[in-house]
Amino acid sequence: MLRCRLLGHLYRFSHEGCTLRWSCLRECGACGDKRYPTAEEAERYARAFDRRDIDSLGRHAPLFGLYPLRLWRAWRDRRRARPAAG
């Protein structure tokens, strides 16, 4: 699939017992699995690899290059913290 070749795969991780499974959300056919000694270990890795870092976008941005993103994030956080008037 062209999108996966240009942008990279968008993997989704899950576990079934002691097996960690992954597959591309764009349904290009890229997938795999790996067995771990315990089901808890497979679950821990699936949870860690499946995490999306979209919530921390802009939190650790470089000072000058992504300064507008820092400003947007500060404005958004400030609006969320303000109590609703009613």
# chains A, B, ... in the order shown; residues from 1 in each chain; ligands from 1
call {"tool": "select_by_dssp", "arguments": {"residues": "region 10-72 of chain A", "states": "helix (DSSP H, G or I)", "output": "list in words"}}
result
Ala39, Glu40, Glu41, Ala42, Glu43, Arg44, Tyr45, Ala46, Arg47, Ala48, Phe49, Ile54, Asp55, Ser56, Tyr67, Pro68, Leu69, Arg70, Leu71 and Trp72 of chain A
call {"tool": "write_last_selection", "arguments": {"atoms": "N, CA and C atoms", "output": "compact mmCIF listing (two decimals), in the first residue's frame"}}
result
# COMPACT_ATOMS: atom_id res chain seq x y z
N ALA A 39 1.54 -14.42 30.27
CA ALA A 39 0.49 -13.59 29.68
C ALA A 39 0.58 -12.15 30.18
N GLU A 40 1.00 -11.96 31.43
CA GLU A 40 1.13 -10.62 31.99
C GLU A 40 2.18 -9.81 31.24
N GLU A 41 3.27 -10.48 30.86
CA GLU A 41 4.32 -9.81 30.11
C GLU A 41 3.82 -9.40 28.72
N ALA A 42 3.11 -10.27 28.07
CA ALA A 42 2.55 -9.96 26.75
C ALA A 42 1.57 -8.80 26.84
N GLU A 43 0.74 -8.79 27.88
CA GLU A 43 -0.22 -7.70 28.08
C GLU A 43 0.50 -6.38 28.34
N ARG A 44 1.55 -6.42 29.14
CA ARG A 44 2.30 -5.21 29.46
C ARG A 44 2.93 -4.60 28.21
N TYR A 45 3.54 -5.44 27.37
CA TYR A 45 4.15 -4.94 26.14
C TYR A 45 3.09 -4.43 25.17
N ALA A 46 1.97 -5.11 25.06
CA ALA A 46 0.90 -4.67 24.15
C ALA A 46 0.39 -3.30 24.58
N ARG A 47 0.19 -3.11 25.88
CA ARG A 47 -0.29 -1.82 26.39
C ARG A 47 0.74 -0.72 26.13
N ALA A 48 2.02 -1.02 26.34
CA ALA A 48 3.08 -0.02 26.16
C ALA A 48 3.25 0.36 24.69
N PHE A 49 3.24 -0.62 23.80
CA PHE A 49 3.44 -0.35 22.38
C PHE A 49 2.22 0.29 21.73
N ILE A 54 -0.42 11.37 21.45
CA ILE A 54 -1.05 12.59 20.93
C ILE A 54 -1.35 13.58 22.06
N ASP A 55 -1.59 13.10 23.27
CA ASP A 55 -1.89 14.01 24.38
C ASP A 55 -0.68 14.81 24.82
N SER A 56 0.52 14.28 24.60
CA SER A 56 1.71 15.01 25.01
C SER A 56 2.30 15.83 23.87
N TYR A 67 7.37 26.64 18.75
CA TYR A 67 6.83 27.61 19.70
C TYR A 67 5.33 27.83 19.52
N PRO A 68 4.81 27.91 18.30
CA PRO A 68 3.35 28.05 18.15
C PRO A 68 2.58 26.88 18.77
N LEU A 69 3.14 25.69 18.71
CA LEU A 69 2.49 24.54 19.31
C LEU A 69 2.48 24.65 20.83
N ARG A 70 3.55 25.17 21.40
CA ARG A 70 3.58 25.40 22.85
C ARG A 70 2.51 26.42 23.26
N LEU A 71 2.37 27.49 22.48
CA LEU A 71 1.36 28.50 22.77
C LEU A 71 -0.04 27.92 22.69
N TRP A 72 -0.31 27.14 21.64
CA TRP A 72 -1.62 26.53 21.48
C TRP A 72 -1.94 25.61 22.64
call {"tool": "atom_distance", "arguments": {"atom1": "CA of Arg3 (chain A)", "atom2": "CA of Arg73 (chain A)"}}
result
28.9 Å
call {"tool": "atom_distance", "arguments": {"atom1": "CA of Cys28 (chain A)", "atom2": "CA of His15 (chain A)"}}
result
20.1 Å
call {"tool": "residues_around", "arguments": {"residues": "Asp50 (chain A)", "least_positions_apart": "6", "cutoff": "8 Å", "atoms": "only C-alpha atoms", "output": "NGL selection string"}}
result
:A and (11-14)
call {"tool": "write_last_selection", "arguments": {"atoms": "C-alpha atoms", "output": "PDB file, in the first residue's frame"}}
result
ATOM      1  CA  TYR A  11       0.464  -0.702  13.966  1.00  0.00           C
ATOM      2  CA  ARG A  12      -2.135  -1.771  16.514  1.00  0.00           C
ATOM      3  CA  PHE A  13      -0.945  -4.117  19.285  1.00  0.00           C
ATOM      4  CA  SER A  14      -2.972  -6.684  21.208  1.00  0.00           C
TER       5      SER A  14
END
call {"tool": "select_by_dssp", "arguments": {"residues": "chain A", "states": "strand (DSSP E)", "output": "CSV table (one decimal) with N, CA, C and O atoms, in the first residue's frame"}}
result
chain,number,residue,atom,x,y,z
A,11,TYR,N,0.7,0.6,13.3
A,11,TYR,CA,0.5,-0.7,14.0
A,11,TYR,C,-0.5,-0.6,15.1
A,11,TYR,O,-0.5,0.4,15.8
A,12,ARG,N,-1.3,-1.6,15.4
A,12,ARG,CA,-2.1,-1.8,16.5
A,12,ARG,C,-1.7,-3.1,17.2
A,12,ARG,O,-1.5,-4.1,16.6
A,13,PHE,N,-1.5,-3.0,18.5
A,13,PHE,CA,-0.9,-4.1,19.3
A,13,PHE,C,-2.0,-4.7,20.2
A,13,PHE,O,-2.8,-3.9,20.7
A,14,SER,N,-2.0,-6.0,20.3
A,14,SER,CA,-3.0,-6.7,21.2
A,14,SER,C,-2.3,-7.9,21.7
A,14,SER,O,-1.2,-8.3,21.3
A,15,HIS,N,-3.0,-8.6,22.6
A,15,HIS,CA,-2.4,-9.9,23.2
A,15,HIS,C,-3.5,-10.9,23.3
A,15,HIS,O,-4.6,-10.6,23.5
A,16,GLU,N,-3.1,-12.1,23.1
A,16,GLU,CA,-3.9,-13.3,23.3
A,16,GLU,C,-3.1,-14.3,24.1
A,16,GLU,O,-2.2,-15.0,23.6
A,19,THR,N,0.8,-14.5,23.8
A,19,THR,CA,1.3,-14.0,22.5
A,19,THR,C,0.9,-12.6,22.3
A,19,THR,O,-0.2,-12.1,22.4
A,20,LEU,N,1.9,-11.8,21.9
A,20,LEU,CA,1.7,-10.4,21.5
A,20,LEU,C,1.5,-10.4,20.0
A,20,LEU,O,2.3,-11.0,19.2
A,21,ARG,N,0.4,-9.7,19.5
A,21,ARG,CA,0.1,-9.6,18.1
A,21,ARG,C,0.1,-8.2,17.7
A,21,ARG,O,-0.3,-7.3,18.4
A,22,TRP,N,0.5,-7.9,16.4
A,22,TRP,CA,0.4,-6.6,15.9
A,22,TRP,C,0.0,-6.7,14.4
A,22,TRP,O,0.3,-7.7,13.7
A,23,SER,N,-0.7,-5.7,13.9
A,23,SER,CA,-1.1,-5.6,12.5
A,23,SER,C,-1.3,-4.1,12.2
A,23,SER,O,-1.6,-3.3,13.0
A,24,CYS,N,-1.2,-3.8,10.9
A,24,CYS,CA,-1.3,-2.5,10.4
A,24,CYS,C,-2.8,-2.1,10.3
A,24,CYS,O,-3.6,-2.9,9.8
A,31,CYS,N,1.8,-7.7,9.5
A,31,CYS,CA,1.4,-8.2,10.8
A,31,CYS,C,2.5,-9.1,11.4
A,31,CYS,O,3.4,-9.5,10.7
A,32,GLY,N,2.3,-9.5,12.6
A,32,GLY,CA,3.3,-10.4,13.2
A,32,GLY,C,2.9,-10.8,14.6
A,32,GLY,O,1.8,-10.3,15.1
A,33,ASP,N,3.6,-11.6,15.2
A,33,ASP,CA,3.4,-12.0,16.6
A,33,ASP,C,4.7,-12.5,17.3
A,33,ASP,O,5.7,-12.7,16.6
A,34,LYS,N,4.6,-12.5,18.6
A,34,LYS,CA,5.8,-12.9,19.4
A,34,LYS,C,5.3,-13.5,20.7
A,34,LYS,O,4.4,-12.9,21.3
A,35,ARG,N,5.8,-14.6,21.1
A,35,ARG,CA,5.4,-15.3,22.3
A,35,ARG,C,6.3,-14.8,23.5
A,35,ARG,O,7.5,-14.7,23.3
